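Q: My structure is in run-v7.csv, and what it holds is CSV, C-alpha atoms and all ligand atoms:
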chain,number,residue,atom,x,y,z
X,1,MET,CA,118.8,102.8,101.1
X,2,THR,CA,117.6,99.7,99.5
X,3,ALA,CA,120.5,97.4,100.3
X,4,LEU,CA,119.9,95.2,103.3
X,5,PRO,CA,122.7,94.3,105.6
X,6,SER,CA,123.5,90.8,104.5
X,7,GLY,CA,122.9,88.0,106.9
X,8,PRO,CA,121.0,84.9,107.5
X,9,PHE,CA,117.4,86.0,108.0
X,10,SER,CA,116.5,82.4,108.4
X,11,LEU,CA,118.1,82.4,111.8
X,12,TRP,CA,115.0,84.2,112.9
X,13,ILE,CA,112.5,81.8,111.6
X,14,LYS,CA,111.1,78.7,113.3
X,15,HIS,CA,111.0,75.7,111.0
X,16,ASP,CA,109.2,73.0,112.8
X,17,GLY,CA,107.4,71.4,109.8
X,18,GLY,CA,104.1,72.8,110.9
X,19,GLY,CA,103.3,70.4,113.7
X,20,ARG,CA,102.6,67.6,111.2
X,21,GLY,CA,104.3,65.0,113.3
X,22,THR,CA,107.8,65.6,111.8
X,23,THR,CA,110.8,65.5,114.1
X,24,GLY,CA,111.1,69.2,114.0
X,25,ARG,CA,114.8,69.1,113.1
X,26,GLY,CA,116.4,70.5,110.0
X,27,PRO,CA,115.2,73.4,107.9
X,28,THR,CA,112.0,72.8,106.0
X,29,PHE,CA,111.5,76.2,104.5
X,30,ALA,CA,112.3,75.1,101.0
X,31,SER,CA,109.6,72.4,101.1
X,32,MET,CA,106.0,72.9,100.5
X,33,ASP,CA,104.8,71.7,103.8
X,34,THR,CA,101.5,73.4,104.6
X,35,LEU,CA,101.7,76.3,107.0
X,36,VAL,CA,98.2,77.7,106.4
X,37,GLN,CA,95.1,75.8,105.3
X,38,LEU,CA,91.6,77.3,104.9
X,39,GLU,CA,88.8,74.9,104.2
X,40,LYS,CA,85.4,76.3,103.1
X,41,VAL,CA,85.8,79.5,105.1
X,42,THR,CA,83.0,81.9,105.3
X,43,LYS,CA,82.9,85.1,107.3
X,44,ARG,CA,79.7,87.1,107.9
X,45,TYR,CA,79.9,90.2,110.0
X,46,ASP,CA,77.2,90.3,112.7
X,47,SER,CA,76.5,93.9,111.9
X,48,SER,CA,75.0,92.8,108.6
X,49,GLY,CA,72.3,91.4,110.9
X,50,PRO,CA,70.2,88.3,110.7
X,51,GLY,CA,68.4,87.9,107.4
X,52,SER,CA,70.5,90.7,106.0
X,53,ALA,CA,71.0,90.7,102.3
X,54,ALA,CA,74.7,91.7,102.7
X,55,PRO,CA,76.8,89.0,101.1
X,56,PRO,CA,79.5,87.4,103.3
X,57,ALA,CA,82.8,89.3,103.4
X,58,VAL,CA,84.6,86.0,102.7
X,59,ASP,CA,82.6,83.4,100.9
X,60,ASN,CA,83.5,79.7,101.1
X,61,VAL,CA,87.2,80.2,100.5
X,62,SER,CA,89.6,77.2,100.5
X,63,MET,CA,93.3,77.8,100.1
X,64,ARG,CA,96.7,76.6,101.3
X,65,ILE,CA,100.0,78.3,101.8
X,66,GLY,CA,103.2,76.4,102.1
X,67,TYR,CA,106.2,77.1,104.4
X,68,GLY,CA,108.5,79.6,102.7
X,69,GLU,CA,106.0,80.9,100.2
X,70,ALA,CA,105.4,84.5,99.3
X,71,VAL,CA,101.7,85.0,98.4
X,72,ALA,CA,100.0,88.2,97.4
X,73,ILE,CA,96.3,88.6,98.0
X,74,MET,CA,94.8,91.0,95.5
X,75,GLY,CA,91.4,92.5,94.9
X,76,PRO,CA,89.5,95.7,94.8
X,77,SER,CA,88.6,97.7,97.9
X,78,GLY,CA,86.0,95.9,100.0
X,79,SER,CA,86.5,92.5,98.4
X,80,GLY,CA,87.4,90.8,101.7
X,81,LYS,CA,91.3,90.9,101.7
X,82,SER,CA,91.7,92.3,105.2
X,83,THR,CA,89.0,89.9,106.5
X,84,LEU,CA,90.8,87.0,105.0
X,85,LEU,CA,94.1,88.1,106.5
X,86,ASN,CA,92.5,88.6,109.9
X,87,LEU,CA,91.1,85.1,109.8
X,88,ILE,CA,94.6,83.7,109.0
X,89,ALA,CA,96.0,85.8,111.8
X,90,GLY,CA,93.5,84.6,114.3
X,91,LEU,CA,92.4,88.2,114.9
X,92,ASP,CA,88.9,87.1,113.8
X,93,ARG,CA,86.9,83.9,113.6
X,94,PRO,CA,85.1,82.4,110.7
X,95,SER,CA,81.4,82.0,110.7
X,96,ALA,CA,81.9,78.6,109.0
X,97,GLY,CA,84.8,76.5,107.9
X,98,THR,CA,88.2,75.7,109.4
X,99,VAL,CA,91.5,77.6,109.6
X,100,THR,CA,94.6,75.7,110.4
X,101,VAL,CA,97.9,77.4,110.9
X,102,ALA,CA,101.2,75.7,111.9
X,103,GLY,CA,99.2,72.5,112.5
X,104,GLN,CA,96.7,74.1,114.9
X,105,ARG,CA,92.9,74.5,114.3
X,106,ILE,CA,92.8,78.1,115.3
X,107,ASP,CA,89.1,78.6,114.6
X,108,ARG,CA,88.3,76.7,117.7
X,109,LEU,CA,90.9,78.0,120.2
X,110,SER,CA,89.8,79.9,123.3
X,111,GLU,CA,90.5,83.6,123.3
X,112,THR,CA,93.5,83.1,125.7
X,113,ALA,CA,94.9,80.3,123.6
X,114,LEU,CA,94.4,82.3,120.5
X,115,ALA,CA,96.3,85.3,121.9
X,116,ARG,CA,99.2,82.9,122.9
X,117,PHE,CA,99.1,81.4,119.4
X,118,ARG,CA,99.3,84.8,117.7
X,119,ALA,CA,102.2,85.9,119.9
X,120,ARG,CA,104.2,82.8,119.0
X,121,HIS,CA,103.3,82.1,115.4
X,122,VAL,CA,102.1,85.3,113.6
X,123,GLY,CA,103.6,88.7,112.9
X,124,ILE,CA,101.5,91.4,111.3
X,125,ILE,CA,102.2,94.7,109.7
X,126,PHE,CA,99.6,97.3,108.7
X,127,GLN,CA,99.2,100.2,106.3
X,128,PHE,CA,99.5,102.8,109.2
X,129,PHE,CA,102.3,100.9,111.1
X,130,ASN,CA,100.3,100.8,114.4
X,131,LEU,CA,103.3,101.8,116.5
X,132,LEU,CA,102.9,103.0,120.1
X,133,ASP,CA,103.9,106.7,119.9
X,134,ASP,CA,104.7,106.9,123.6
X,135,LEU,CA,107.3,104.2,123.4
X,136,THR,CA,110.8,104.4,121.8
X,137,VAL,CA,111.5,102.4,118.7
X,138,GLU,CA,113.3,99.8,120.8
X,139,ASP,CA,110.5,99.5,123.3
X,140,ASN,CA,107.9,99.1,120.5
X,141,VAL,CA,110.0,96.2,119.1
X,142,LEU,CA,110.7,94.4,122.4
X,143,LEU,CA,107.2,94.7,123.8
X,144,PRO,CA,105.8,91.5,122.1
X,145,ALA,CA,108.9,89.6,123.2
X,146,GLN,CA,108.4,90.6,126.8
X,147,LEU,CA,104.7,89.8,126.6
X,148,ALA,CA,105.8,86.4,125.4
X,149,GLY,CA,108.0,85.9,128.4
X,150,ALA,CA,111.4,86.9,127.3
X,151,SER,CA,113.6,88.7,129.8
X,152,ARG,CA,114.2,92.4,129.1
X,153,ARG,CA,117.9,91.6,128.4
X,154,GLN,CA,117.0,88.9,125.9
X,155,ALA,CA,114.4,91.0,124.3
X,156,ARG,CA,116.7,94.0,124.0
X,157,ALA,CA,119.4,92.0,122.3
X,158,ARG,CA,116.9,90.6,119.8
X,159,ALA,CA,115.3,93.9,119.1
X,160,GLY,CA,118.7,95.5,118.6
X,161,GLU,CA,119.7,92.9,116.1
X,162,LEU,CA,116.5,93.1,114.2
X,163,LEU,CA,116.7,96.9,114.1
X,164,GLU,CA,120.2,96.7,112.7
X,165,ARG,CA,119.0,94.3,110.0
X,166,MET,CA,116.1,96.6,109.1
X,167,GLY,CA,118.8,99.4,108.7
X,168,ILE,CA,117.4,101.6,111.5
X,169,GLY,CA,119.6,100.6,114.4
X,170,GLU,CA,120.6,104.2,115.0
X,171,HIS,CA,117.0,105.1,115.7
X,172,ARG,CA,116.5,102.7,118.6
X,173,ASP,CA,116.2,105.4,121.2
X,174,HIS,CA,114.0,107.7,119.2
X,175,TYR,CA,110.3,108.0,119.2
X,176,PRO,CA,108.3,107.0,116.1
X,177,ALA,CA,107.1,110.6,115.5
X,178,ARG,CA,110.7,111.4,114.5
X,179,LEU,CA,110.8,108.8,111.8
X,180,SER,CA,109.7,108.8,108.2
X,181,GLY,CA,106.9,106.5,107.0
X,182,GLY,CA,109.3,104.0,105.5
X,183,GLN,CA,111.4,104.0,108.8
X,184,ARG,CA,108.2,103.4,110.8
X,185,GLN,CA,107.3,100.5,108.7
X,186,ARG,CA,110.7,99.0,109.3
X,187,VAL,CA,110.1,99.3,113.0
X,188,ALA,CA,106.8,97.6,112.5
X,189,ILE,CA,108.5,94.8,110.6
X,190,ALA,CA,111.1,94.4,113.4
X,191,ARG,CA,108.3,94.2,115.9
X,192,ALA,CA,106.4,91.7,113.9
X,193,LEU,CA,109.5,89.4,113.7
X,194,VAL,CA,110.7,89.7,117.3
X,195,ASN,CA,109.1,86.4,118.4
X,196,ALA,CA,110.3,84.7,115.2
X,197,PRO,CA,106.9,83.9,113.8
X,198,GLU,CA,106.5,81.3,111.1
X,199,LEU,CA,104.1,83.6,109.3
X,200,LEU,CA,104.5,87.3,108.4
X,201,LEU,CA,101.3,88.9,107.3
X,202,ALA,CA,101.2,92.4,105.7
X,203,ASP,CA,98.0,94.4,105.0
X,204,GLU,CA,98.7,97.1,102.4
X,205,PRO,CA,102.2,97.7,103.9
X,206,THR,CA,103.1,100.3,101.3
X,207,GLY,CA,99.7,101.9,101.1
X,208,ALA,CA,100.7,105.0,103.2
X,209,LEU,CA,104.2,105.3,101.7
X,210,ASP,CA,105.6,107.3,98.8
X,211,SER,CA,106.7,105.0,95.9
X,212,ALA,CA,110.4,105.0,96.7
X,213,SER,CA,109.8,104.0,100.4
X,214,GLY,CA,107.2,101.5,99.2
X,215,ARG,CA,109.7,99.9,97.0
X,216,GLU,CA,112.2,99.7,99.8
X,217,ILE,CA,109.7,98.0,102.0
X,218,GLY,CA,108.8,95.6,99.2
X,219,ASP,CA,112.5,94.8,98.7
X,220,LEU,CA,112.9,94.2,102.4
X,221,LEU,CA,109.9,91.8,102.5
X,222,ARG,CA,111.3,90.0,99.5
X,223,GLU,CA,114.7,89.6,101.2
X,224,LEU,CA,113.0,88.2,104.3
X,225,ASN,CA,111.1,85.7,102.1
X,226,ARG,CA,114.4,84.7,100.4
X,227,GLY,CA,115.7,84.0,103.9
X,228,GLY,CA,112.8,81.6,104.4
X,229,GLN,CA,110.1,83.8,105.9
X,230,THR,CA,106.6,82.8,104.8
X,231,LEU,CA,104.9,86.0,103.7
X,232,VAL,CA,101.3,86.8,102.9
X,233,LEU,CA,100.9,90.3,101.4
X,234,VAL,CA,97.6,92.0,100.9
X,235,THR,CA,97.7,94.7,98.3
X,236,HIS,CA,95.7,96.3,95.5
X,237,ASP,CA,99.0,97.3,93.9
X,238,PRO,CA,99.7,95.0,91.0
X,239,VAL,CA,103.3,96.1,90.8
X,240,LEU,CA,103.9,95.2,94.4
X,241,ALA,CA,102.2,91.8,93.9
X,242,GLU,CA,104.1,91.0,90.7
X,243,ARG,CA,107.5,92.1,92.0
X,244,TYR,CA,107.4,90.7,95.5
X,245,ALA,CA,105.2,87.6,95.5
X,246,ALA,CA,105.6,84.4,93.6
X,247,ARG,CA,101.9,83.6,93.7
X,248,THR,CA,98.9,85.8,93.5
X,249,VAL,CA,95.5,84.9,94.9
X,250,ARG,CA,92.7,87.1,93.5
X,251,ILE,CA,89.6,87.8,95.6
X,252,VAL,CA,86.5,89.5,94.3
X,253,ASP,CA,83.3,89.9,96.5
X,254,GLY,CA,84.7,87.5,99.0
X,255,LEU,CA,85.3,84.8,96.5
X,256,VAL,CA,88.7,83.5,95.4
X,257,ALA,CA,88.9,83.8,91.6
X,258,GLY,CA,90.5,81.1,89.4
X,259,ALA,CA,92.6,78.1,90.5
X,260,ALA,CA,95.4,80.2,91.9
X,261,ALA,CA,94.6,79.4,95.5
X,262,GLY,CA,96.9,76.4,95.6
X,263,VAL,CA,94.2,73.9,96.4
X,264,PRO,CA,94.6,70.9,94.2
X,265,ALA,CA,91.4,70.0,92.4
X,301,LIG,P1,89.3,94.8,101.8
X,301,LIG,O1,90.4,94.7,102.8
X,301,LIG,O2,89.4,94.0,100.6
X,301,LIG,O3,89.1,96.3,101.4
X,301,LIG,P2,87.5,94.1,103.9
X,301,LIG,O4,87.9,92.7,104.3
X,301,LIG,O5,87.9,95.2,104.8
X,301,LIG,O6,87.9,94.3,102.4
X,301,LIG,O7,85.9,94.2,103.8
X,301,LIG,C1,85.1,93.2,103.1
X,301,LIG,C2,83.6,93.5,103.4
X,301,LIG,O8,83.3,93.3,104.7
X,301,LIG,C3,83.2,94.9,103.0
X,301,LIG,O9,82.0,94.9,102.5
X,301,LIG,C4,83.3,95.6,104.4
X,301,LIG,O10,82.4,96.7,104.4
X,301,LIG,C5,82.8,94.5,105.3
X,301,LIG,N1,83.4,94.6,106.7
X,301,LIG,C6,84.7,94.7,107.0
X,301,LIG,N2,84.9,94.8,108.3
X,301,LIG,C7,83.7,94.8,108.8
X,301,LIG,C8,83.2,94.9,110.2
X,301,LIG,N3,84.0,94.9,111.2
X,301,LIG,N4,81.8,94.9,110.4
X,301,LIG,C9,81.0,94.8,109.3
X,301,LIG,N5,81.4,94.7,108.0
X,301,LIG,C10,82.7,94.7,107.8
X,302,MG,MG,91.6,96.0,103.6
Can I see the file as structure tokens?

A:
Amino acid sequence: MTALPSGPFSLWIKHDGGGRGTTGRGPTFASMDTLVQLEKVTKRYDSSGPGSAAPPAVDNVSMRIGYGEAVAIMGPSGSGKSTLLNLIAGLDRPSAGTVTVAGQRIDRLSETALARFRARHVGIIFQFFNLLDDLTVEDNVLLPAQLAGASRRQARARAGELLERMGIGEHRDHYPARLSGGQRQRVAIARALVNAPELLLADEPTGALDSASGREIGDLLRELNRGGQTLVLVTHDPVLAERYAARTVRIVDGLVAGAAAGVPA
């Protein structure tokens, strides 16, 4: 089942011009307004210890991602892809440099502010789905909406509509253990989108799937991007990157290779 139910995915996306002082009216997803900006970002893990010879996981990276873009981050295992994604997501903080997402300097937010920021602006999906096995599909999806303050009624309506759009509406009352990998990843995507984040981040989203399911998830992500959803996809699969992202950023040993990072010289 590769076909998506047709419909305006962009209905689910906030377009506020990235807090750049625009009026916030009108769709801006076709423009190249900056959604993500990294300036000279370096990440060293504490566990590498003071004076350790371990190189930084991310090393002086500058890049920008515009609203509506689909960007693939590619590189070998251990090259810093997940670290980079976690810095963009506000799940981790840089050791140096600045991270600006949707007009906010997230590297200097307090933990509480950062959690609130993530809930509103960022959706993330992972290789192993990270669903809560004790909750039904629907409850998995509506949990972030309730945490963000939506009423259960509002959240259920939104979860139901997203699950329909992901093609798994009939599984809303089931538990994740009953679903295939591809179906679980669809649940994870619905959960990531429930608060209409500007940014959808995906860390090896097809890494645990067979190739047919992986392709369906890729198609789904591409449809979401065509509807205006900004997408950053970490993968080491060149087929996925080429087929589903308009731009590829290559990272090797924490360094961005070439001029593909979208930072004008
Ligand atoms: P990738 O996602 O490209 O495989 P990662 O970002 O996970 O790469 O890792 C980049 C480097 O940082 C690797 O050398 C890895 O061992 C190291 N690293 C990742 N996470 C941690 C951590 N929590 N503590 C210490 N080192 C880490
Ligand atoms: Mg990784």

Q: Could you jot down the CA of Pro56 (chain X) to CA of Leu84 (chain X) separation for me, Å, one decimal place?

A: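 Distance between the two atoms: 11.4 Å.
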
Q: Kindly indicate which residue among X:Asp133, X:Asp59, X:Asp210, X:Asp139 lies nearest to Leu255 (chain X), using all atoms listed in the file for the distances.

A: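 Between X:Asp133, X:Asp59, X:Asp210, X:Asp139, the residue approaching Leu255 (chain X) most closely is X:Asp59.
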
Q: Do a neighbour search on Tyr244 (chain X) at 9 Å with all atoms listed in the file, toss out local chain neighbours closer than 5 positions, and write the hits as a list in words.

A: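 That gives Ala70, Val71, Ala72, Gly218, Asp219, Leu221, Arg222, Leu233 and Val239 of chain X.
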
Q: What is the CA of Gly80 (chain X)-CA of Ala245 (chain X) distance in Å, reported with one decimal?

A: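 Here the two named atoms are 19.1 Å from each other.
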
Q: Grab the CA of Asp203 (chain X) to CA of Ile124 (chain X) distance for me, in Å with one decimal place.

A: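 If I compute the distance from CA of Asp203 (chain X) to CA of Ile124 (chain X), I get 7.8 Å.
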
Q: Give me the chain X side of the contact with ligand MG 302 (chain X), cut-off 9 Å, one line per residue showing its nearest atom pair and distance in Å at one decimal, counting only C-alpha atoms and all ligand atoms, sorted by chain and residue number, as a Markdown table.

A:
| residue | atom | partner | partner_atom | distance |
| --- | --- | --- | --- | --- |
| X:Ser77 | CA | X:MG302 | MG | 6.7 |
| X:Gly78 | CA | X:MG302 | MG | 6.7 |
| X:Ser79 | CA | X:MG302 | MG | 8.1 |
| X:Gly80 | CA | X:MG302 | MG | 6.9 |
| X:Lys81 | CA | X:MG302 | MG | 5.5 |
| X:Ser82 | CA | X:MG302 | MG | 4.0 |
| X:Thr83 | CA | X:MG302 | MG | 7.2 |
| X:Leu85 | CA | X:MG302 | MG | 8.8 |
| X:Asp203 | CA | X:MG302 | MG | 6.7 |
| X:Glu204 | CA | X:MG302 | MG | 7.3 |
| X:Val234 | CA | X:MG302 | MG | 7.7 |
| X:Thr235 | CA | X:MG302 | MG | 8.2 |

Q: Using only C-alpha atoms, can you tell me which of X:Thr34, X:Arg116, X:Leu132, X:Asn195 comes closest to Ala150 (chain X)?

A: X:Asn195

Q: Have a look at X:Val99, X:Asn86, X:Ser213, X:Gly75 and name the one nearest to Asp237 (chain X); count only C-alpha atoms.

A: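 Ranking X:Val99, X:Asn86, X:Ser213, X:Gly75 by distance to Asp237 (chain X), first place goes to X:Gly75.
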
Q: Do you know which residues lie at most 9 Å from (104.9, 79.0, 103.9), with coordinates as in the file and only C-alpha atoms counted, and could you write them as a short mmCIF file (atom, residue, chain, number, x, y, z; two decimals) with C-alpha atoms, in the frame of the given file?

A:
data_model
loop_
_atom_site.label_atom_id
_atom_site.label_comp_id
_atom_site.auth_asym_id
_atom_site.auth_seq_id
_atom_site.Cartn_x
_atom_site.Cartn_y
_atom_site.Cartn_z
CA PHE X 29 111.50 76.20 104.50
CA ALA X 30 112.30 75.10 101.00
CA SER X 31 109.60 72.40 101.10
CA MET X 32 106.00 72.90 100.50
CA ASP X 33 104.80 71.70 103.80
CA THR X 34 101.50 73.40 104.60
CA LEU X 35 101.70 76.30 107.00
CA VAL X 36 98.20 77.70 106.40
CA ARG X 64 96.70 76.60 101.30
CA ILE X 65 100.00 78.30 101.80
CA GLY X 66 103.20 76.40 102.10
CA TYR X 67 106.20 77.10 104.40
CA GLY X 68 108.50 79.60 102.70
CA GLU X 69 106.00 80.90 100.20
CA ALA X 70 105.40 84.50 99.30
CA VAL X 71 101.70 85.00 98.40
CA GLU X 198 106.50 81.30 111.10
CA LEU X 199 104.10 83.60 109.30
CA GLY X 228 112.80 81.60 104.40
CA GLN X 229 110.10 83.80 105.90
CA THR X 230 106.60 82.80 104.80
CA LEU X 231 104.90 86.00 103.70
CA VAL X 232 101.30 86.80 102.90
#

Q: For Ile189 (chain X), which residue out of X:Ser211, X:Asn130, X:Thr136, X:Thr98 is the nearest one, using all atoms listed in the file?

A: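 Ranked by minimum distance to Ile189 (chain X), first place goes to X:Asn130.
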
Q: Which neighbours of Ile106 (chain X) fall inside 12 Å, counting all atoms listed in the file, when residues of the same chain fewer than 6 positions from it are skipped, and could you give them as a ChimeraX atom specification?

A: /X:36-38,86-94,97-100,112-118,121-122
